[in-house]
Amino acid sequence: MTSKHQLKLTNTLSRTKEDFVPEDPSNVRMYVCGPTVYDYAHIGNARPVVVFDTLYRLLRHLYGADHVTYARNITDVDDKINARAAAEGVTIRDLTERTAAQYHADMAALGALSPDVEPRATEHIEDMKAMIERLVATGHAYVAEGHVLFDVGSMEDYGRLSGRSLDDMRAGARVEVAPYKKGAMDFVLWKPSKEGEPGWPSPCGIAEPGRPGWHIECSAMAARHLGETFDIHGGGIDLVFPHHENEVAQSRCSHGSQVMARYWLHNGFLQVEGEKMSKSLGNFITVHELLETDKVGGRRWAGAAIRLVLTMSHYRQPLDFTEKALEEATALLTRWAATLDKCGLDGAPGEAAAALPDDLIEALCDDINTPRALAVLHRLAREARGGDVDAGRGLAASLAFLGLDLSGVRAAAEEAREVAADPALAARVDGLIAERKAAREAKDWGEADRIRDLLAAEGVVLKDTRDKATGEVETSWEVAQ
Ligand code: AMP
Ligand code: ZN
């Protein structure tokens with residue numbers, strides 16, 4: 001390690017904060033479970049991306065950019081994908097390619113670096129089959145009615161990662177037990193594909209074509225790209241059981257190894273009004289909607305503002321995602337941009353990299369303590385506003401390090417300044433608002449909407465507020481970002 005800082009990470013395996021010591025400091029290896037590509041990523045899905053991007057940046061700083069390998073997979077075979085492609089009447093490939101491209105664009109807008117490898121499940125079917133064959137050969141899996149199942153009873157410490165005993169799991173199991181399963185908790189490694197579903201020639205002498213279960217995908221891809229044992233495995237807390245527990249079981253039993261990943265890290269949920277944001281609950285906001293539409297708060301939000309909201313809480317804590325937080329993050333970034341302007345710094349990435357403050361790295365080395373890291377930025381901004389240009393350089397370097405690109409908020413602030421300084425535009429908008437008001441009073445809703453759309457096309461957003469006392473509607477406007 002080239003740095004004097006000792007990175008500490010909370011390891012789900014030990015449930016304690018441990019010193020991070022990589023197996024091979026010349027190649028630090030991290031795997032994070034990636035998206036199942038059938039729909040836009042919601043902001044909850046973006047949380048692990050931002051959390052592990054921050055860790056990736058830190059590891060690159062500590063060990064050197066060429067000494068870190070970050071793999072994040074794309075799950076492009078899944079029942080949800082099949083169902084969505086059929087519902088839309090598109091091919092599976094079209095759906096998965098389109099969704100993966102959207103995912104890349106959205107995550108790049110949040111300032112996330114691309115992982116070093118991004119393996120796709122469908123390109124690793126042979127690796128999965130080889131692993132399944134090994135599990136059957138070593139007595140950890142069995143074939144039953146066209147399926148291959150992992151025999152959890154064959155592994156002494158199954159349940160260690162999630163801290164559950166097999167007996168507890170059996171007692172609490174609500175899963176309907178398929179008649180071909182030996183044990184209730186046994187899980188699918190391979191299953192038959194019906195007519196019209198994607199399928200591959202099956203392993204273990206099964207005649208019908210089939211497809212892999214979800215868990216085996218990650219085990220096979222991680223082994224292929226990072227080796228049988230690697231350093232860090234990450235994902236959301238919801239993945240600890242069963243997904244990660246099953247990854248551990250498959251990988252250790254097929255490789256005959258003591259550990260799969262040495263450090264397991266899990267981010268807390270992103271919530272909306274106390275509930276986990278998820279597609280199945282239907283309470284989700286997509287990253288795309290925040291970036292590209294006015295669905296939330298009637299405006300588009302800068303990627304850096306979204307990232308800052310995700311960075312304000314410690315990654316292990318639950319995070320309540322609100323419009324107010326987005327507003328605060330936007331205001332904060334705008335203020336920081338103005339501070340850099342005052343110091344004559346434009347905040348371009350890489351500016352004054354040498355000025356990266358020590359206490360920023362120290363905060364991040366404390367189990368990725370981003371709230372503590374942001375406190376460093378607040379201090380630097382205060383000092384920079386007081387005329388300390390070096391502190392301004394430190395702020396610029398820290399923002400770049402944290403993936404907070406100010407160009408979006410700068411552009412919005414600039415636009416707002418131009419508009420405010422453009423009396424002709426303001427007069428035109430006011431005139432059109434008056435025309436719209438008259439149209440509404442005449443109940444000419446078509447004309448009223450036409451004017452609203454005309455202004456929207458020019459990036460001017462109208463906001464109507466009804467005065468509770470008088471019932472009068474007051475219309476204000478702003479230029480969308
Ligand atoms: P999925 O597409 O559901 O497999 O999720 C992809 C990643 O996002 C996984 O690491 C999940 O743990 C994570 N994730 C999903 N929903 C949330 C949420 N509401 N808060 C935080 N992480 C989440
Ligand atoms: Zn996984």
# chains A, B, ... in the order shown; residues from 1 in each chain; ligands from 1
>>> select_by_dssp(residues="segment 90-236 of chain A", states="alpha helix (DSSP H)", output="ChimeraX atom specification")
/A:92-109,125-137,166-172,214-226
>>> write_last_selection(atoms="N, CA and C atoms", output="short mmCIF file (atom, residue, chain, number, x, y, z; two decimals), in the first residue's frame")
data_model
loop_
_atom_site.label_atom_id
_atom_site.label_comp_id
_atom_site.auth_asym_id
_atom_site.auth_seq_id
_atom_site.Cartn_x
_atom_site.Cartn_y
_atom_site.Cartn_z
N ILE A 92 -35.59 -10.71 -26.92
CA ILE A 92 -34.89 -10.62 -25.64
C ILE A 92 -33.61 -9.82 -25.80
N ARG A 93 -32.93 -10.07 -26.89
CA ARG A 93 -31.67 -9.37 -27.13
C ARG A 93 -31.89 -7.85 -27.26
N ASP A 94 -32.94 -7.47 -27.99
CA ASP A 94 -33.23 -6.04 -28.14
C ASP A 94 -33.49 -5.41 -26.77
N LEU A 95 -34.29 -6.11 -25.97
CA LEU A 95 -34.63 -5.58 -24.64
C LEU A 95 -33.38 -5.46 -23.77
N THR A 96 -32.56 -6.50 -23.74
CA THR A 96 -31.42 -6.47 -22.82
C THR A 96 -30.37 -5.45 -23.30
N GLU A 97 -30.18 -5.35 -24.62
CA GLU A 97 -29.20 -4.38 -25.13
C GLU A 97 -29.66 -2.95 -24.84
N ARG A 98 -30.94 -2.70 -25.10
CA ARG A 98 -31.47 -1.35 -24.89
C ARG A 98 -31.37 -0.98 -23.40
N THR A 99 -31.74 -1.92 -22.54
CA THR A 99 -31.73 -1.62 -21.10
C THR A 99 -30.31 -1.44 -20.58
N ALA A 100 -29.38 -2.27 -21.08
CA ALA A 100 -27.99 -2.14 -20.63
C ALA A 100 -27.44 -0.77 -21.06
N ALA A 101 -27.79 -0.33 -22.27
CA ALA A 101 -27.30 0.98 -22.75
C ALA A 101 -27.87 2.11 -21.87
N GLN A 102 -29.16 1.99 -21.51
CA GLN A 102 -29.76 3.01 -20.63
C GLN A 102 -29.05 3.02 -19.28
N TYR A 103 -28.78 1.83 -18.79
CA TYR A 103 -28.11 1.70 -17.50
C TYR A 103 -26.75 2.41 -17.53
N HIS A 104 -25.99 2.15 -18.58
CA HIS A 104 -24.67 2.78 -18.69
C HIS A 104 -24.78 4.30 -18.73
N ALA A 105 -25.74 4.79 -19.50
CA ALA A 105 -25.89 6.24 -19.62
C ALA A 105 -26.29 6.84 -18.26
N ASP A 106 -27.23 6.20 -17.58
CA ASP A 106 -27.69 6.73 -16.28
C ASP A 106 -26.57 6.72 -15.25
N MET A 107 -25.82 5.61 -15.19
CA MET A 107 -24.77 5.52 -14.16
C MET A 107 -23.61 6.47 -14.48
N ALA A 108 -23.34 6.67 -15.76
CA ALA A 108 -22.29 7.64 -16.13
C ALA A 108 -22.73 9.04 -15.70
N ALA A 109 -24.03 9.34 -15.84
CA ALA A 109 -24.51 10.67 -15.45
C ALA A 109 -24.37 10.86 -13.93
N ILE A 125 -22.24 -19.12 -19.97
CA ILE A 125 -23.05 -20.33 -19.73
C ILE A 125 -22.15 -21.57 -19.55
N GLU A 126 -21.08 -21.63 -20.37
CA GLU A 126 -20.20 -22.81 -20.26
C GLU A 126 -19.51 -22.85 -18.90
N ASP A 127 -19.10 -21.69 -18.39
CA ASP A 127 -18.49 -21.64 -17.05
C ASP A 127 -19.48 -22.13 -16.00
N MET A 128 -20.73 -21.72 -16.16
CA MET A 128 -21.75 -22.12 -15.17
C MET A 128 -21.97 -23.63 -15.23
N LYS A 129 -22.04 -24.15 -16.45
CA LYS A 129 -22.27 -25.59 -16.60
C LYS A 129 -21.11 -26.40 -16.00
N ALA A 130 -19.89 -25.91 -16.22
CA ALA A 130 -18.72 -26.62 -15.68
C ALA A 130 -18.78 -26.63 -14.15
N MET A 131 -19.20 -25.50 -13.59
CA MET A 131 -19.29 -25.41 -12.13
C MET A 131 -20.38 -26.36 -11.61
N ILE A 132 -21.49 -26.41 -12.31
CA ILE A 132 -22.60 -27.29 -11.90
C ILE A 132 -22.15 -28.76 -11.97
N GLU A 133 -21.45 -29.10 -13.04
CA GLU A 133 -20.95 -30.49 -13.18
C GLU A 133 -20.06 -30.84 -11.99
N ARG A 134 -19.21 -29.89 -11.60
CA ARG A 134 -18.29 -30.14 -10.48
C ARG A 134 -19.05 -30.33 -9.18
N LEU A 135 -20.10 -29.54 -9.01
CA LEU A 135 -20.90 -29.65 -7.78
C LEU A 135 -21.61 -31.00 -7.71
N VAL A 136 -22.08 -31.47 -8.85
CA VAL A 136 -22.73 -32.80 -8.86
C VAL A 136 -21.68 -33.87 -8.59
N ALA A 137 -20.52 -33.74 -9.26
CA ALA A 137 -19.46 -34.76 -9.11
C ALA A 137 -18.96 -34.85 -7.67
N LEU A 166 -29.43 -23.70 9.45
CA LEU A 166 -30.29 -24.41 8.51
C LEU A 166 -31.63 -24.77 9.18
N ASP A 167 -31.57 -25.11 10.46
CA ASP A 167 -32.81 -25.47 11.17
C ASP A 167 -33.77 -24.29 11.24
N ASP A 168 -33.22 -23.10 11.55
CA ASP A 168 -34.07 -21.90 11.59
C ASP A 168 -34.69 -21.64 10.23
N MET A 169 -33.86 -21.81 9.20
CA MET A 169 -34.35 -21.53 7.86
C MET A 169 -35.48 -22.48 7.50
N ARG A 170 -35.28 -23.75 7.85
CA ARG A 170 -36.32 -24.73 7.52
C ARG A 170 -37.62 -24.39 8.24
N ALA A 171 -37.45 -23.99 9.53
CA ALA A 171 -38.64 -23.68 10.33
C ALA A 171 -39.38 -22.48 9.75
N GLY A 172 -38.60 -21.50 9.27
CA GLY A 172 -39.24 -20.26 8.80
C GLY A 172 -39.57 -20.29 7.32
N TRP A 214 -30.26 -17.94 -11.02
CA TRP A 214 -29.62 -16.62 -10.89
C TRP A 214 -28.30 -16.71 -10.11
N HIS A 215 -28.30 -17.44 -8.98
CA HIS A 215 -27.12 -17.41 -8.10
C HIS A 215 -25.86 -17.92 -8.79
N ILE A 216 -26.00 -18.98 -9.59
CA ILE A 216 -24.82 -19.59 -10.20
C ILE A 216 -24.13 -18.64 -11.17
N GLU A 217 -24.90 -17.69 -11.71
CA GLU A 217 -24.32 -16.74 -12.67
C GLU A 217 -23.17 -15.98 -12.02
N CYS A 218 -23.44 -15.44 -10.83
CA CYS A 218 -22.42 -14.61 -10.19
C CYS A 218 -21.21 -15.45 -9.77
N SER A 219 -21.47 -16.66 -9.26
CA SER A 219 -20.35 -17.52 -8.84
C SER A 219 -19.42 -17.78 -10.03
N ALA A 220 -20.02 -18.10 -11.19
CA ALA A 220 -19.20 -18.45 -12.36
C ALA A 220 -18.46 -17.23 -12.90
N MET A 221 -19.15 -16.09 -12.96
CA MET A 221 -18.51 -14.89 -13.53
C MET A 221 -17.42 -14.36 -12.60
N ALA A 222 -17.68 -14.41 -11.29
CA ALA A 222 -16.66 -13.93 -10.35
C ALA A 222 -15.41 -14.80 -10.46
N ALA A 223 -15.58 -16.12 -10.53
CA ALA A 223 -14.42 -17.01 -10.61
C ALA A 223 -13.65 -16.78 -11.91
N ARG A 224 -14.39 -16.60 -13.00
CA ARG A 224 -13.74 -16.39 -14.30
C ARG A 224 -12.88 -15.13 -14.30
N HIS A 225 -13.40 -14.06 -13.73
CA HIS A 225 -12.71 -12.77 -13.87
C HIS A 225 -11.85 -12.38 -12.67
N LEU A 226 -12.16 -12.96 -11.50
CA LEU A 226 -11.40 -12.54 -10.32
C LEU A 226 -10.68 -13.69 -9.62
#
>>> residues_around(residues="segment 246-263 of chain A", least_positions_apart="3", cutoff="9 Å", atoms="only C-alpha atoms", output="PyMOL selection string")
chain A and resi 9-14+18+20+22-23+30-31+131-136+138+140+150+152+155+157-159+161+187+189+215-220+223+228-234+241-243
>>> atom_distance(atom1="atom CA of Ala304 of chain A", atom2="atom CA of Gly111 of chain A")
7.0 Å
>>> select_by_dssp(residues="segment 261-345 of chain A", states="strand (DSSP E or B)", output="list in words")
Ala261, Arg262, Tyr263, Trp264, Leu265, His266, Asn267, Leu270, Gln271, Val272, Glu275, Lys276, Thr286, Leu319 and Asp320 of chain A
>>> write_last_selection(atoms="N, CA and C atoms", output="compact mmCIF listing (two decimals), in the first residue's frame")
# COMPACT_ATOMS: atom_id res chain seq x y z
N ALA A 261 -15.36 -14.64 -1.14
CA ALA A 261 -14.79 -13.30 -1.00
C ALA A 261 -14.40 -13.13 0.46
N ARG A 262 -13.33 -12.39 0.71
CA ARG A 262 -12.82 -12.26 2.07
C ARG A 262 -13.55 -11.17 2.85
N TYR A 263 -14.06 -10.17 2.13
CA TYR A 263 -14.82 -9.08 2.76
C TYR A 263 -16.14 -8.93 2.02
N TRP A 264 -17.23 -9.01 2.76
CA TRP A 264 -18.56 -8.83 2.16
C TRP A 264 -19.14 -7.51 2.65
N LEU A 265 -19.51 -6.67 1.69
CA LEU A 265 -20.04 -5.35 2.06
C LEU A 265 -21.46 -5.20 1.53
N HIS A 266 -22.32 -4.66 2.38
CA HIS A 266 -23.72 -4.51 1.97
C HIS A 266 -24.24 -3.12 2.29
N ASN A 267 -24.83 -2.50 1.28
CA ASN A 267 -25.42 -1.17 1.51
C ASN A 267 -26.85 -1.32 2.03
N LEU A 270 -32.47 2.07 0.26
CA LEU A 270 -32.97 3.40 -0.02
C LEU A 270 -34.48 3.30 0.11
N GLN A 271 -35.05 4.22 0.89
CA GLN A 271 -36.47 4.11 1.21
C GLN A 271 -37.26 5.31 0.73
N VAL A 272 -38.54 5.08 0.56
CA VAL A 272 -39.48 6.18 0.33
C VAL A 272 -40.54 6.03 1.41
N GLU A 275 -40.45 2.81 3.43
CA GLU A 275 -40.49 1.51 2.77
C GLU A 275 -39.38 1.40 1.75
N LYS A 276 -38.86 0.20 1.58
CA LYS A 276 -37.82 -0.03 0.58
C LYS A 276 -38.35 0.36 -0.80
N THR A 286 -37.20 6.30 -11.27
CA THR A 286 -36.02 5.87 -12.02
C THR A 286 -35.00 7.01 -12.10
N LEU A 319 -31.57 5.09 3.84
CA LEU A 319 -31.53 6.46 3.32
C LEU A 319 -32.92 6.80 2.80
N ASP A 320 -33.46 7.92 3.29
CA ASP A 320 -34.78 8.33 2.84
C ASP A 320 -34.61 9.29 1.67
>>> closest_residue(among="A:Lys17, A:His288, A:Arg316, A:Lys4", to="ligand 1", atoms="only C-alpha atoms and all ligand atoms")
A:Arg316
>>> residues_around(residues="Ala83 of chain A", least_positions_apart="3", cutoff="12 Å", atoms="only C-alpha atoms", output="number ranges by chain")
A: 38-39, 77-80, 86-92, 95, 196-198
>>> write_last_selection(atoms="all heavy atoms", output="CSV table (one decimal), in the first residue's frame")
chain,number,residue,atom,x,y,z
A,38,TYR,N,-34.0,-5.4,-17.6
A,38,TYR,CA,-35.4,-5.5,-18.3
A,38,TYR,C,-36.1,-4.1,-18.1
A,38,TYR,O,-37.1,-3.9,-18.8
A,38,TYR,CB,-36.2,-6.6,-17.7
A,38,TYR,CG,-36.7,-6.5,-16.3
A,38,TYR,CD1,-37.9,-6.0,-16.0
A,38,TYR,CD2,-35.8,-6.7,-15.2
A,38,TYR,CE1,-38.3,-5.8,-14.7
A,38,TYR,CE2,-36.2,-6.6,-13.9
A,38,TYR,CZ,-37.4,-6.1,-13.7
A,38,TYR,OH,-37.8,-6.0,-12.4
A,39,ASP,N,-35.6,-3.2,-17.3
A,39,ASP,CA,-36.3,-1.9,-17.1
A,39,ASP,C,-35.3,-0.9,-16.6
A,39,ASP,O,-34.2,-1.3,-16.2
A,39,ASP,CB,-37.3,-2.2,-16.0
A,39,ASP,CG,-38.5,-1.1,-16.1
A,39,ASP,OD1,-38.3,-0.2,-16.9
A,39,ASP,OD2,-39.4,-1.3,-15.4
A,77,VAL,N,-30.2,-13.0,-18.5
A,77,VAL,CA,-31.1,-14.1,-18.7
A,77,VAL,C,-31.9,-14.3,-17.4
A,77,VAL,O,-31.3,-14.4,-16.3
A,77,VAL,CB,-30.4,-15.5,-19.0
A,77,VAL,CG1,-29.2,-15.7,-18.2
A,77,VAL,CG2,-31.3,-16.7,-19.0
A,78,ASP,N,-33.2,-14.2,-17.5
A,78,ASP,CA,-34.0,-14.1,-16.2
A,78,ASP,C,-35.5,-14.1,-16.7
A,78,ASP,O,-35.9,-13.7,-17.7
A,78,ASP,CB,-33.7,-12.7,-15.5
A,78,ASP,CG,-34.5,-12.6,-14.2
A,78,ASP,OD1,-35.6,-12.1,-14.2
A,78,ASP,OD2,-33.9,-13.0,-13.2
A,79,ASP,N,-36.3,-14.7,-15.8
A,79,ASP,CA,-37.7,-14.8,-16.1
A,79,ASP,C,-38.4,-13.5,-16.4
A,79,ASP,O,-39.3,-13.3,-17.2
A,79,ASP,CB,-38.5,-15.6,-15.0
A,79,ASP,CG,-38.1,-17.1,-15.0
A,79,ASP,OD1,-37.5,-17.5,-16.0
A,79,ASP,OD2,-38.4,-17.7,-14.0
A,80,LYS,N,-37.9,-12.5,-15.6
A,80,LYS,CA,-38.6,-11.1,-15.7
A,80,LYS,C,-38.2,-10.5,-17.1
A,80,LYS,O,-39.0,-9.8,-17.7
A,80,LYS,CB,-38.0,-10.2,-14.6
A,80,LYS,CG,-38.6,-10.5,-13.2
A,80,LYS,CD,-38.3,-9.5,-12.2
A,80,LYS,CE,-36.9,-9.4,-11.8
A,80,LYS,NZ,-36.4,-10.4,-10.8
A,86,ALA,N,-41.8,-10.4,-24.0
A,86,ALA,CA,-43.0,-10.9,-24.6
A,86,ALA,C,-44.1,-9.8,-24.6
A,86,ALA,O,-44.8,-9.6,-25.5
A,86,ALA,CB,-43.5,-12.2,-23.9
A,87,ALA,N,-44.2,-9.1,-23.4
A,87,ALA,CA,-45.2,-8.1,-23.3
A,87,ALA,C,-45.0,-7.0,-24.2
A,87,ALA,O,-46.0,-6.4,-24.8
A,87,ALA,CB,-45.2,-7.6,-21.8
A,88,GLU,N,-43.7,-6.6,-24.5
A,88,GLU,CA,-43.4,-5.5,-25.4
A,88,GLU,C,-43.4,-6.0,-26.9
A,88,GLU,O,-43.3,-5.1,-27.8
A,88,GLU,CB,-42.1,-4.9,-25.1
A,88,GLU,CG,-42.1,-4.0,-23.9
A,88,GLU,CD,-40.8,-3.2,-23.7
A,88,GLU,OE1,-40.1,-3.0,-24.7
A,88,GLU,OE2,-40.6,-2.7,-22.6
A,89,GLY,N,-43.4,-7.3,-27.1
A,89,GLY,CA,-43.3,-7.8,-28.5
A,89,GLY,C,-41.9,-7.5,-29.1
A,89,GLY,O,-41.8,-7.3,-30.3
A,90,VAL,N,-40.9,-7.5,-28.3
A,90,VAL,CA,-39.5,-7.3,-28.8
A,90,VAL,C,-38.7,-8.6,-28.5
A,90,VAL,O,-39.1,-9.4,-27.7
A,90,VAL,CB,-38.8,-6.1,-28.2
A,90,VAL,CG1,-39.6,-4.8,-28.6
A,90,VAL,CG2,-38.7,-6.2,-26.7
A,91,THR,N,-37.5,-8.7,-29.2
A,91,THR,CA,-36.7,-9.8,-28.9
A,91,THR,C,-36.0,-9.6,-27.5
A,91,THR,O,-35.8,-8.5,-27.1
A,91,THR,CB,-35.6,-10.1,-30.0
A,91,THR,OG1,-34.7,-9.0,-29.9
A,91,THR,CG2,-36.2,-10.2,-31.4
A,92,ILE,N,-35.6,-10.7,-26.9
A,92,ILE,CA,-34.9,-10.6,-25.6
A,92,ILE,C,-33.6,-9.8,-25.8
A,92,ILE,O,-33.3,-9.0,-25.0
A,92,ILE,CB,-34.6,-12.0,-25.1
A,92,ILE,CG1,-36.0,-12.6,-24.6
A,92,ILE,CG2,-33.6,-12.1,-24.0
A,92,ILE,CD1,-35.9,-14.0,-24.2
A,95,LEU,N,-34.3,-6.1,-26.0
A,95,LEU,CA,-34.6,-5.6,-24.6
A,95,LEU,C,-33.4,-5.5,-23.8
A,95,LEU,O,-33.1,-4.4,-23.1
A,95,LEU,CB,-35.7,-6.5,-24.0
A,95,LEU,CG,-36.0,-6.1,-22.5
A,95,LEU,CD1,-36.7,-4.8,-22.5
A,95,LEU,CD2,-36.9,-7.2,-21.8
A,196,GLY,N,-40.0,-21.6,-26.5
A,196,GLY,CA,-40.0,-20.2,-26.6
A,196,GLY,C,-39.2,-19.5,-25.6
A,196,GLY,O,-38.9,-18.2,-25.8
A,197,GLU,N,-38.7,-20.1,-24.6
A,197,GLU,CA,-37.8,-19.5,-23.6
A,197,GLU,C,-36.4,-19.7,-24.0
A,197,GLU,O,-36.1,-20.7,-24.7
A,197,GLU,CB,-38.0,-20.1,-22.2
A,197,GLU,CG,-39.3,-19.7,-21.6
A,197,GLU,CD,-39.6,-20.4,-20.2
A,197,GLU,OE1,-38.9,-21.4,-19.9
A,197,GLU,OE2,-40.5,-20.0,-19.5
A,198,PRO,N,-35.5,-18.8,-23.6
A,198,PRO,CA,-34.1,-19.0,-24.0
A,198,PRO,C,-33.6,-20.3,-23.3
A,198,PRO,O,-33.9,-20.6,-22.2
A,198,PRO,CB,-33.3,-17.8,-23.4
A,198,PRO,CG,-34.4,-16.9,-22.9
A,198,PRO,CD,-35.7,-17.6,-22.8
